[in-house]
Each structure stands twice: as C-alpha cells, then as structure tokens.
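Data block below; observations after.
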Protein chains: 4
Amino acid sequence: MTPQAIGATTWVVADGYIPPGSNGPAPAMISHDSICMLNAGGEPARVSVEVFYTDRDPVGPYELTVPARRAHHQRINDLRDPEPILPGVDYCLVVRSDHPIVVQHTRLDSRQAENALMSTIAYPSAL
Amino acid sequence: MTPQAIGATTWVVADGYIPPGSNGPAPAMISHDSICMLNAGGEPARVSVEVFYTDRDPVGPYELTVPARRAHHQRINDLRDPEPILPGVDYCLVVRSDHPIVVQHTRLDSRQAENALMSTIAYPSAL
Amino acid sequence: MTPQAIGATTWVVADGYIPPGSNGPAPAMISHDSICMLNAGGEPARVSVEVFYTDRDPVGPYELTVPARRAHHQRINDLRDPEPILPGVDYCLVVRSDHPIVVQHTRLDSRQAENALMSTIAYPSAL
Amino acid sequence: MTPQAIGATTWVVADGYIPPGSNGPAPAMISHDSICMLNAGGEPARVSVEVFYTDRDPVGPYELTVPARRAHHQRINDLRDPEPILPGVDYCLVVRSDHPIVVQHTRLDSRQAENALMSTIAYPSAL
C-alpha cells in the first residue's frame, strides 16, 4: 500500500488528568495519561500540544515529531518542555499537526491496587 | 497561537449515572460522573446543561461559564441549581454553549474496593 | 427550550458481549451490556434493534419506544422478544429509530471481584 | 430488513497494545486487544489490517473476511500471518475493507488480579 496520510490536523482531549499515585511495577503500571498517535503518511508530522488549565493561561507548545509511517504513544507524564504537567491537575489538550494524524486518548489509573483503564478517540476538528 | 474556538455548540451524553456509593479517600475517589469541557476560544462560553430522565420531564438549565482559553471539568454530582442530580438514577445530558466547546464524558465508579473508569468524547451535534 | 430531536436514526455497536458471570449485589452489579439512548425530541421514537452474530443469521427486530424528551437505558440482558441474547456470545447491534436519537454503549463486567467499565458513543450512520 | 452495508472502508485504532501478562481463566480473561467488526451488508467484506510500530516499518496486510450480515470480533493476539503482534509493544492499526464496515476497539487488561476494560469506536476515514 502506498503511504497515505489519514486523519485530521487538529485534535482535542477534554478530560486530561494524571492520577496522583500508583501501584505496581514501573513503568508499565505507573498511572498515566497518554495521547496515542498514528502518522500513516509518507512525511514526518510535526506535532504541537497546547495544554489548557482551569485557572491559568495555556502552556505550550510542546513539540514532537511523529516520523512517516510510524506509531507514537506519548505519555503526558513525560512531557518536560516548556514545563512538566503535574499529577492531580485537570487539563485539556489541543494537538495540532502539519500533516493528518489520528489521536486516541487513554488513561491508566493505578492509584488503587487494581488498575483502571479508559480510552476514546479524541475529537477531530476541521480547524 | 491565536485563540480559536474549537468544537461544537451542542453535545449529548446518553449514559449518565452517578454510582451510589464509594470507597476510598474523598474527593478524588468519590464515585462521580463528569463532563470535561474545553473552551479554546477567546470569549467566555456560557454553557447550559439540560438533564433528561426516564420517567419525568427534563430538568434545567443548569448554567455554567467556561472562561476563554480554559479547561473546566464539572462533576455532575456537584450541580445544585435548579436541583441536585441523584445517585443511582439513569439520565442523559444535552450540553449547549453559545461558543464552540469540546465535551468529554467520564465516570469513576468506586462502589467496589477498586475503582473502574470509563470515558468517551460526547456526541457533537450541528444543532 | 423547545423540544428538538438530536442525533441520528441509525447507530452501530460493534463490540457486543454480555460477560458470563457476576460478583456483587443484583441488579446494579450484574454484568451487563447496555445501550443508553436519548430522545430529546417532541415525538416518541420507535426504536428497533437488530442483533448480528458470528455464525448465524441476524435476529430481530427487538422493538422499543423511547418517549418524547426521555432517557432510556436498556440492558441488552433484559431483551426477550424475539429471543434472549446469551451471555458469553459475541454480537453487534444496529439500532434504528424513526426519529433522531443518541446512543451510547456501556458495559459493566463484574466477572471478577472488582468491576470494570467501558463506554463509547456508538457509531452514527446517515443511513 | 434488507441487507445494507453501514459504516466506512478505512478505520484507525491509534492505541494498540497487548498487555504482557494475565490473571484468570483462559481464554476469556487473557489480556487482549480486539477489533470488533460488523458487516451489515449483503456481500462478504475482505478486510486487511496494517500494523504500524514506533521504530520499524509497518507490517501487513493481515487478511480477514467478514461474511455478509455477520459480526466478527478479532483478537489482535490471534493474528499470525505475516507475523504475530507481540505483547508489550505499542502499535497502531489501519483497517481497510472493500465494503463498509464498523470497527470498535476494546482492550481487556488482566495483568493485575482484577481486570480493566476500555473501548472506543475506532476513527472512520473517508479514504
């Protein structure tokens, strides 16, 4: 199959939250919030993430590159530049890419002894 | 990046339910149903929530404001005016906003000792 | 607000499955698969559900009515006519309505001591 | 009802991951990632799955047929040709079909004693 970009260039995650606390072996069972991205196309996708908070101005952009024809699962916990995103704080994400990608949002919550999971395809926008 | 409103002005959550009972420390582990909203635009969004029930007329509007460029995660448990939404009762939500927003629906169920999570982007409507 | 139908008239749930077995008090903690529906409009919605299986012909229609301006959360476990849907069997659902509705699919799995949850807005079709 | 194909011919799952390890009786409680598909139409759907990785070229196609008017829930764990998909590795999926289908992505994670579930309708593309 020839490389073909699939998806949209703007995506929104509205329920961002890194559970504060974990049980189980690291790194797999560390509580985390992730954006899982596919770049199915033939060009690298330059992705910028903007983080919105409840009571202060948005922070970003956090910049990533997803190579051509690659998956990239990004834990929000691991973003560092311009600043870490703190556990226990509500946020939303706007993910913009210069080529179409697909974004899925997943959380693993291991605050209690047994982990909980949630996932949804993010909201794609034509903007 | 310049503020740009993203999303839709009508959203639906069809599986509304506040689990009756909780285990674990408050407030994080209290069973709850939430609508997580992003207003990415430059104007405050006036949001009204209408609650639909199985066997009586809808109740609302519940009125909220999501400031410009802000996240707002609203626990349904915490809505009070015109009346509380009771745990253990099936409901649906219609969320309307005067500016485009994005809505994600999440439930944390801690009725048993270990919590369960579910989440989905709500249904956006052109209406 | 004036009653206004919202949604689509055909919806698909592709991952249908009633977990065979439960732990915890009935009925809340009985393992179940549900379709949660909103009829926001001013007319009753006549809903028919068709059940697709892996290795036999589809079964249905299962017929329901969602009254005007009402929520209706239907456990698949409770459908009886033309026949029950058995636990432990893979299925898909096509939900058709004569008026626009919104459908969300949720499963509670209590086969193990602590329950698990999953939910997604179903797939809306223009057909 | 007459058979009528519903859905799209290209679907994306961005958060692919088979949890490495399981608790509970096989096969139900084996950790798995699944794509649940409905072919509501009157013709068999020839489905090909392409698997994208973080650090190597995509692998595929994995070929399946979903018969007319049938459900097919496919565990990713069970795909073998051209090669198995390994537990503990991040991936994304592009699912293409020669007739419209609907795809829902579900994971059961039983690495810990109590299972966790997540599900979302996959991302449908017009491509």
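Lettering and numbering for the structure tokens are positional, with chains as A, B, ... in the shown order, residues counted from 1 in each chain, and ligands counted from 1 in the shown order.
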Distance filter 10 Å, only C-alpha atoms, chain D against chain B, as a list in words
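So the contacting residues turn out to be Glu114, Asn115, Ala116, Leu117, Met118, Ser119, Thr120 and Ile121 of chain D.
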Near Ile101 of chain C, counting only C-alpha atoms, which residues have an atom at most 12 Å away, once you skip same-chain residues fewer than 4 positions from it, shown as a PyMOL selection string?
(chain B and resi 12-14+92+94+123+125) or (chain C and resi 4-11+35-47+65-72+95-97+121-122+124-125)
Just the strand (DSSP E or B) stuff from segment 38-117 of chain D, please, per backbone DSSP, written as a PyMOL selection string.
chain D and resi 38-39+45-53+59-66+70-75+91-109+116-117
Using only N, CA and C atoms, please write the residues we just selected to a file, as a compact mmCIF listing (two decimals), in the first residue's frame.
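And here's out-v6.txt as it stands now:
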```txt
# COMPACT_ATOMS: atom_id res chain seq x y z
N LEU D 38 -18.50 -5.13 12.40
CA LEU D 38 -19.80 -5.51 11.87
C LEU D 38 -19.81 -5.31 10.36
N ASN D 39 -20.19 -6.36 9.65
CA ASN D 39 -20.52 -6.25 8.24
C ASN D 39 -22.03 -6.44 8.11
N ALA D 45 -17.10 -8.95 3.30
CA ALA D 45 -16.13 -7.86 3.34
C ALA D 45 -14.73 -8.45 3.46
N ARG D 46 -13.89 -8.09 2.51
CA ARG D 46 -12.48 -8.50 2.60
C ARG D 46 -11.74 -7.39 3.33
N VAL D 47 -11.20 -7.74 4.49
CA VAL D 47 -10.60 -6.76 5.40
C VAL D 47 -9.10 -6.98 5.45
N SER D 48 -8.34 -5.89 5.35
CA SER D 48 -6.89 -6.00 5.52
C SER D 48 -6.45 -5.05 6.62
N VAL D 49 -5.59 -5.55 7.49
CA VAL D 49 -5.12 -4.79 8.65
C VAL D 49 -3.63 -4.54 8.47
N GLU D 50 -3.25 -3.26 8.64
CA GLU D 50 -1.84 -2.89 8.57
C GLU D 50 -1.43 -2.43 9.97
N VAL D 51 -0.29 -2.92 10.45
CA VAL D 51 0.16 -2.62 11.81
C VAL D 51 1.36 -1.68 11.76
N PHE D 52 1.22 -0.54 12.46
CA PHE D 52 2.28 0.47 12.50
C PHE D 52 2.98 0.42 13.84
N TYR D 53 4.31 0.53 13.80
CA TYR D 53 5.11 0.48 15.02
C TYR D 53 5.86 1.79 15.26
N VAL D 59 3.82 -3.49 9.21
CA VAL D 59 3.73 -4.90 8.86
C VAL D 59 2.31 -5.21 8.39
N GLY D 60 2.21 -5.99 7.33
CA GLY D 60 0.89 -6.37 6.84
C GLY D 60 0.94 -6.58 5.35
N PRO D 61 -0.21 -6.78 4.74
CA PRO D 61 -1.52 -6.83 5.39
C PRO D 61 -1.80 -8.17 6.05
N TYR D 62 -2.54 -8.07 7.15
CA TYR D 62 -3.20 -9.22 7.75
C TYR D 62 -4.58 -9.28 7.09
N GLU D 63 -4.95 -10.42 6.57
CA GLU D 63 -6.19 -10.50 5.80
C GLU D 63 -7.26 -11.34 6.48
N LEU D 64 -8.46 -10.77 6.48
CA LEU D 64 -9.61 -11.42 7.10
C LEU D 64 -10.80 -11.30 6.17
N THR D 65 -11.77 -12.14 6.35
CA THR D 65 -13.05 -11.94 5.66
C THR D 65 -14.16 -11.92 6.70
N VAL D 66 -14.98 -10.89 6.65
CA VAL D 66 -16.18 -10.86 7.49
C VAL D 66 -17.36 -11.17 6.58
N ARG D 70 -22.68 -10.44 9.26
CA ARG D 70 -22.09 -11.12 10.38
C ARG D 70 -21.25 -10.17 11.23
N ALA D 71 -21.14 -10.51 12.53
CA ALA D 71 -20.20 -9.91 13.46
C ALA D 71 -18.89 -10.67 13.39
N HIS D 72 -17.80 -9.98 13.62
CA HIS D 72 -16.51 -10.66 13.75
C HIS D 72 -15.65 -9.89 14.75
N HIS D 73 -15.42 -10.50 15.91
CA HIS D 73 -14.58 -9.89 16.93
C HIS D 73 -13.22 -10.55 16.85
N GLN D 74 -12.21 -9.79 16.46
CA GLN D 74 -10.89 -10.35 16.21
C GLN D 74 -9.91 -9.93 17.31
N ARG D 75 -9.41 -10.89 18.06
CA ARG D 75 -8.33 -10.57 18.99
C ARG D 75 -7.04 -10.36 18.19
N TYR D 91 1.51 -0.12 19.23
CA TYR D 91 1.25 -0.13 17.80
C TYR D 91 -0.01 0.66 17.48
N CYS D 92 -0.22 0.91 16.19
CA CYS D 92 -1.47 1.48 15.68
C CYS D 92 -1.94 0.56 14.55
N LEU D 93 -3.24 0.61 14.26
CA LEU D 93 -3.81 -0.21 13.20
C LEU D 93 -4.55 0.64 12.18
N VAL D 94 -4.36 0.31 10.91
CA VAL D 94 -5.26 0.80 9.86
C VAL D 94 -6.00 -0.41 9.32
N VAL D 95 -7.33 -0.33 9.37
CA VAL D 95 -8.19 -1.42 8.93
C VAL D 95 -8.91 -0.96 7.66
N ARG D 96 -8.67 -1.68 6.58
CA ARG D 96 -9.32 -1.31 5.31
C ARG D 96 -10.22 -2.45 4.87
N SER D 97 -11.37 -2.10 4.28
CA SER D 97 -12.33 -3.11 3.84
C SER D 97 -12.84 -2.74 2.45
N ASP D 98 -13.16 -3.74 1.67
CA ASP D 98 -13.70 -3.42 0.33
C ASP D 98 -15.20 -3.11 0.36
N HIS D 99 -15.84 -3.32 1.51
CA HIS D 99 -17.22 -2.88 1.71
C HIS D 99 -17.29 -2.17 3.06
N PRO D 100 -18.25 -1.26 3.24
CA PRO D 100 -18.34 -0.55 4.51
C PRO D 100 -18.55 -1.50 5.69
N ILE D 101 -17.82 -1.24 6.75
CA ILE D 101 -17.97 -1.97 8.00
C ILE D 101 -17.91 -0.96 9.15
N VAL D 102 -18.14 -1.43 10.37
CA VAL D 102 -17.95 -0.60 11.55
C VAL D 102 -16.95 -1.31 12.45
N VAL D 103 -16.02 -0.54 13.03
CA VAL D 103 -14.95 -1.11 13.85
C VAL D 103 -14.95 -0.46 15.24
N GLN D 104 -14.93 -1.28 16.26
CA GLN D 104 -14.81 -0.82 17.64
C GLN D 104 -13.59 -1.48 18.27
N HIS D 105 -12.81 -0.69 19.00
CA HIS D 105 -11.56 -1.18 19.61
C HIS D 105 -11.75 -1.38 21.11
N THR D 106 -11.41 -2.55 21.59
CA THR D 106 -11.59 -2.88 23.01
C THR D 106 -10.35 -3.58 23.54
N ARG D 107 -9.97 -3.23 24.77
CA ARG D 107 -8.87 -3.93 25.44
C ARG D 107 -9.35 -4.48 26.77
N LEU D 108 -8.96 -5.71 27.06
CA LEU D 108 -9.12 -6.27 28.39
C LEU D 108 -7.73 -6.47 28.95
N ASP D 109 -7.48 -5.86 30.10
CA ASP D 109 -6.16 -5.90 30.72
C ASP D 109 -6.31 -6.65 32.04
N ALA D 116 -9.32 -4.82 33.86
CA ALA D 116 -9.73 -3.47 33.45
C ALA D 116 -10.15 -3.55 31.99
N LEU D 117 -11.09 -2.67 31.61
CA LEU D 117 -11.62 -2.65 30.25
C LEU D 117 -11.56 -1.25 29.70
```
Atom CA of Asp57 of chain C to atom CA of Leu86 of chain C, distance in Å rounded to a single decimal
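Going from atom CA of Asp57 of chain C over to atom CA of Leu86 of chain C covers 14.9 Å.
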Name the residues in contact with segment 23-30 of chain B at a cut-off of 10 Å, using only C-alpha atoms, excluding same-chain residues fewer than 2 positions from it; report them as a ChimeraX atom specification.
/A:19-20,88,111-112 /B:18-21,32-33,77,108-115
Would you compute the distance between atom CA of Asp15 of chain C and atom CA of Asp90 of chain C? Give it in Å to one decimal.
7.4 Å
What is the atom CA of Pro82 of chain D-atom CA of Gly16 of chain D distance in Å, reported with one decimal?
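So the answer is 17.6 Å.
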